[in-house]
Amino acid sequence: GEGEGKRKKKKAGAGEKGDGRGSGSADDDDSNPWSPPPTAAPIPAPSILFLGTGSSQPSPHRNVSSTLVSLDASTSLLLDCGEGTVAQLLAVADAAALGKVKIVWISHPHADHCMGLRDFLRRRATVADDVVTVVCPKGVGWWLEGEDCRVIGCERFVDGKGEAEGMEFLTRFKSVKVKHCLDSYALAFEGPGWGKFLYSGDCRPSADLAAVGKAWGGVDVLLHEATFEDELAAEAKAKKHSTVKEAMTIGKEAGAKHTVLTHFSQRYPGLPAVEDEGEGCVVAWDWMLVTPENIDGAKGELYKKLKPYFAEEAEPLEDDLKVGDEDVRKILEEPGGFTQLAKGCK
């Protein structure tokens, strides 16, 4: 169904942020291109800011699923909205970032992809006058009854965008039914900033999603779940998820210029194993900020810099850094902290 609520507007201060993981200051050293902006700063555009890259439940290293895709200075999409999404965003951005979200896409009704949605909608209403569009499965739409948003079912876009209110800035917007739980969808859209973009949500490898990429003559970005490492292919199949290799294969079949992996099992507290040390993909991390200018460097360069910290026998660090396991854990919990690790690696 579709609906639209009424709002009572109350401006929030730029420095306001919710309680939650990541109370430290963002690393504002310009020498690292993957650092998020300093606390209470605008989000650069176009960009992809990862607010949650883990599966199932939050961990000290990875929050549950949420990705902010900024198209231009005033427009962004939020892809899934797990618990803690608002706290993750406001730890590294000003409150105006909430109002710039024009579309929220919920891929399926599992809690780790939608439990932060009501909090997001209520916080957004304090900084924005317009009504945000939420595209979601039916079950999530019923749960949002009475909330201040325009609700449209994912199934409406199986045949493409059509004349959908609140989506005028997009050239194409298409839902793709995928195999996971009941009412699970992948997303394909085209718009300013990033061009043609595919998002898998949670699913087994989808030939239909790859076919959209082919039909569009390839895509600029594929953001694909990679819950399990390749050695757990049987478990991935049983739980209707994808492995790293399967996600990479869909990227090749879809003609993706950049394949970005996310939604890692929390059994991998650090870096999941990927072929060629990440040269062919971006391994996403919470608070990683990817732009068209730095995305190529984020594929292999960053992965190699982080890898020594998570090896069974880690490479020795420079003596003056004196970084131990507890220090690594603490850095990873702070906005921008993982970039400090990257700079410390040999």
# chains A, B, ... in the order shown; residues from 1 in each chain; ligands from 1
>>> select_by_dssp(residues="stretch 155-257 of chain A", states="alpha helix (DSSP H)", output="PyMOL selection string")
chain A and resi 207-215+233-238+244-254
>>> select_by_dssp(residues="stretch 226-306 of chain A", states="strand (DSSP E)", output="PyMOL selection string")
chain A and resi 256-262+282-283+289-290
>>> closest_residue(among="A:Glu275, A:Asn294, A:Val212, A:Leu121", to="A:Asp159", atoms="only C-alpha atoms")
A:Val212
>>> residues_around(residues="A:Leu68", least_positions_apart="4", cutoff="9 Å", atoms="only C-alpha atoms", output="JSON, numbers by chain")
{"A": [47, 48, 49, 50, 51, 76, 77, 78, 79, 80, 89, 101]}
>>> write_last_selection(atoms="all heavy atoms", output="compact mmCIF listing (two decimals), in the first residue's frame")
# COMPACT_ATOMS: atom_id res chain seq x y z
N SER A 47 29.09 9.69 -3.11
CA SER A 47 29.87 8.82 -2.23
C SER A 47 29.00 7.67 -1.75
O SER A 47 27.78 7.68 -1.90
CB SER A 47 30.39 9.60 -1.02
OG SER A 47 29.32 10.03 -0.20
N ILE A 48 29.67 6.66 -1.19
CA ILE A 48 28.99 5.56 -0.51
C ILE A 48 29.57 5.49 0.90
O ILE A 48 30.78 5.31 1.07
CB ILE A 48 29.21 4.21 -1.22
CG1 ILE A 48 28.80 4.29 -2.69
CG2 ILE A 48 28.43 3.10 -0.51
CD1 ILE A 48 29.18 3.06 -3.50
N LEU A 49 28.72 5.67 1.90
CA LEU A 49 29.14 5.60 3.30
C LEU A 49 28.52 4.36 3.92
O LEU A 49 27.30 4.23 3.98
CB LEU A 49 28.71 6.85 4.05
CG LEU A 49 29.04 6.90 5.55
CD1 LEU A 49 30.54 6.85 5.79
CD2 LEU A 49 28.43 8.14 6.20
N PHE A 50 29.37 3.46 4.40
CA PHE A 50 28.89 2.20 4.95
C PHE A 50 28.62 2.36 6.44
O PHE A 50 29.52 2.63 7.24
CB PHE A 50 29.93 1.10 4.70
CG PHE A 50 30.18 0.86 3.24
CD1 PHE A 50 31.24 1.48 2.60
CD2 PHE A 50 29.34 0.04 2.51
CE1 PHE A 50 31.46 1.29 1.25
CE2 PHE A 50 29.55 -0.15 1.16
CZ PHE A 50 30.61 0.47 0.52
N LEU A 51 27.35 2.19 6.81
CA LEU A 51 26.92 2.37 8.20
C LEU A 51 26.79 1.05 8.93
O LEU A 51 26.70 1.03 10.16
CB LEU A 51 25.59 3.13 8.23
CG LEU A 51 25.60 4.48 7.54
CD1 LEU A 51 24.21 5.09 7.52
CD2 LEU A 51 26.58 5.44 8.21
N SER A 76 20.21 11.55 -1.45
CA SER A 76 20.82 10.26 -1.18
C SER A 76 19.76 9.19 -1.01
O SER A 76 18.58 9.49 -0.79
CB SER A 76 21.72 10.32 0.06
OG SER A 76 20.98 10.70 1.19
N LEU A 77 20.19 7.94 -1.14
CA LEU A 77 19.36 6.77 -0.89
C LEU A 77 19.95 6.01 0.28
O LEU A 77 21.17 5.92 0.41
CB LEU A 77 19.31 5.84 -2.10
CG LEU A 77 18.45 6.22 -3.30
CD1 LEU A 77 19.10 7.31 -4.11
CD2 LEU A 77 18.20 4.99 -4.18
N LEU A 78 19.08 5.44 1.12
CA LEU A 78 19.53 4.59 2.22
C LEU A 78 19.13 3.16 1.88
O LEU A 78 17.94 2.86 1.72
CB LEU A 78 18.87 5.03 3.53
CG LEU A 78 19.36 4.32 4.79
CD1 LEU A 78 20.84 4.61 5.04
CD2 LEU A 78 18.53 4.75 6.00
N LEU A 79 20.12 2.30 1.74
CA LEU A 79 19.88 0.91 1.38
C LEU A 79 19.90 0.05 2.64
O LEU A 79 20.95 -0.20 3.22
CB LEU A 79 20.95 0.43 0.40
CG LEU A 79 21.12 1.28 -0.87
CD1 LEU A 79 22.19 0.68 -1.77
CD2 LEU A 79 19.80 1.42 -1.63
N ASP A 80 18.73 -0.33 3.08
CA ASP A 80 18.48 -1.05 4.33
C ASP A 80 18.77 -0.16 5.53
O ASP A 80 19.50 0.83 5.43
CB ASP A 80 19.23 -2.37 4.39
CG ASP A 80 18.54 -3.45 3.53
OD1 ASP A 80 17.31 -3.47 3.50
OD2 ASP A 80 19.25 -4.26 2.90
N LEU A 89 25.29 7.01 11.56
CA LEU A 89 25.37 8.14 10.65
C LEU A 89 25.77 9.42 11.38
O LEU A 89 26.66 10.16 10.93
CB LEU A 89 24.02 8.34 9.94
CG LEU A 89 23.92 9.53 8.98
CD1 LEU A 89 25.00 9.48 7.91
CD2 LEU A 89 22.54 9.60 8.36
N VAL A 101 18.21 12.13 2.67
CA VAL A 101 17.74 10.81 2.23
C VAL A 101 16.34 10.95 1.67
O VAL A 101 15.40 11.31 2.38
CB VAL A 101 17.75 9.80 3.40
CG1 VAL A 101 17.15 8.47 2.95
CG2 VAL A 101 19.17 9.61 3.93
>>> residues_around(residues="A:Leu222", least_positions_apart="4", cutoff="8 Å", atoms="only C-alpha atoms", output="VMD selection string")
chain A and resid 197 to 200 251 256 to 260
>>> closest_residue(among="A:Val127, A:Val244, A:Cys114, A:Val92", to="A:Trp287", atoms="only C-alpha atoms")
A:Val92
>>> closest_residue(among="A:Leu98, A:Leu144, A:Ala284, A:Cys203", to="A:Ala128", atoms="only C-alpha atoms")
A:Leu98
>>> residues_around(residues="stretch 164-175 of chain A", least_positions_apart="2", cutoff="6 Å", atoms="only C-alpha atoms", output="ChimeraX atom specification")
/A:157-158,160-162,186-191
>>> closest_residue(among="A:Val135, A:Ala298, A:Val151, A:Cys181", to="A:Ala238", atoms="only C-alpha atoms")
A:Cys181
>>> closest_residue(among="A:Thr85, A:Thr243, A:Ser66, A:Ser184", to="A:Phe264", atoms="only C-alpha atoms")
A:Thr243
>>> atom_distance(atom1="atom CA of A:Pro109", atom2="atom CA of A:Pro137")
6.7 Å
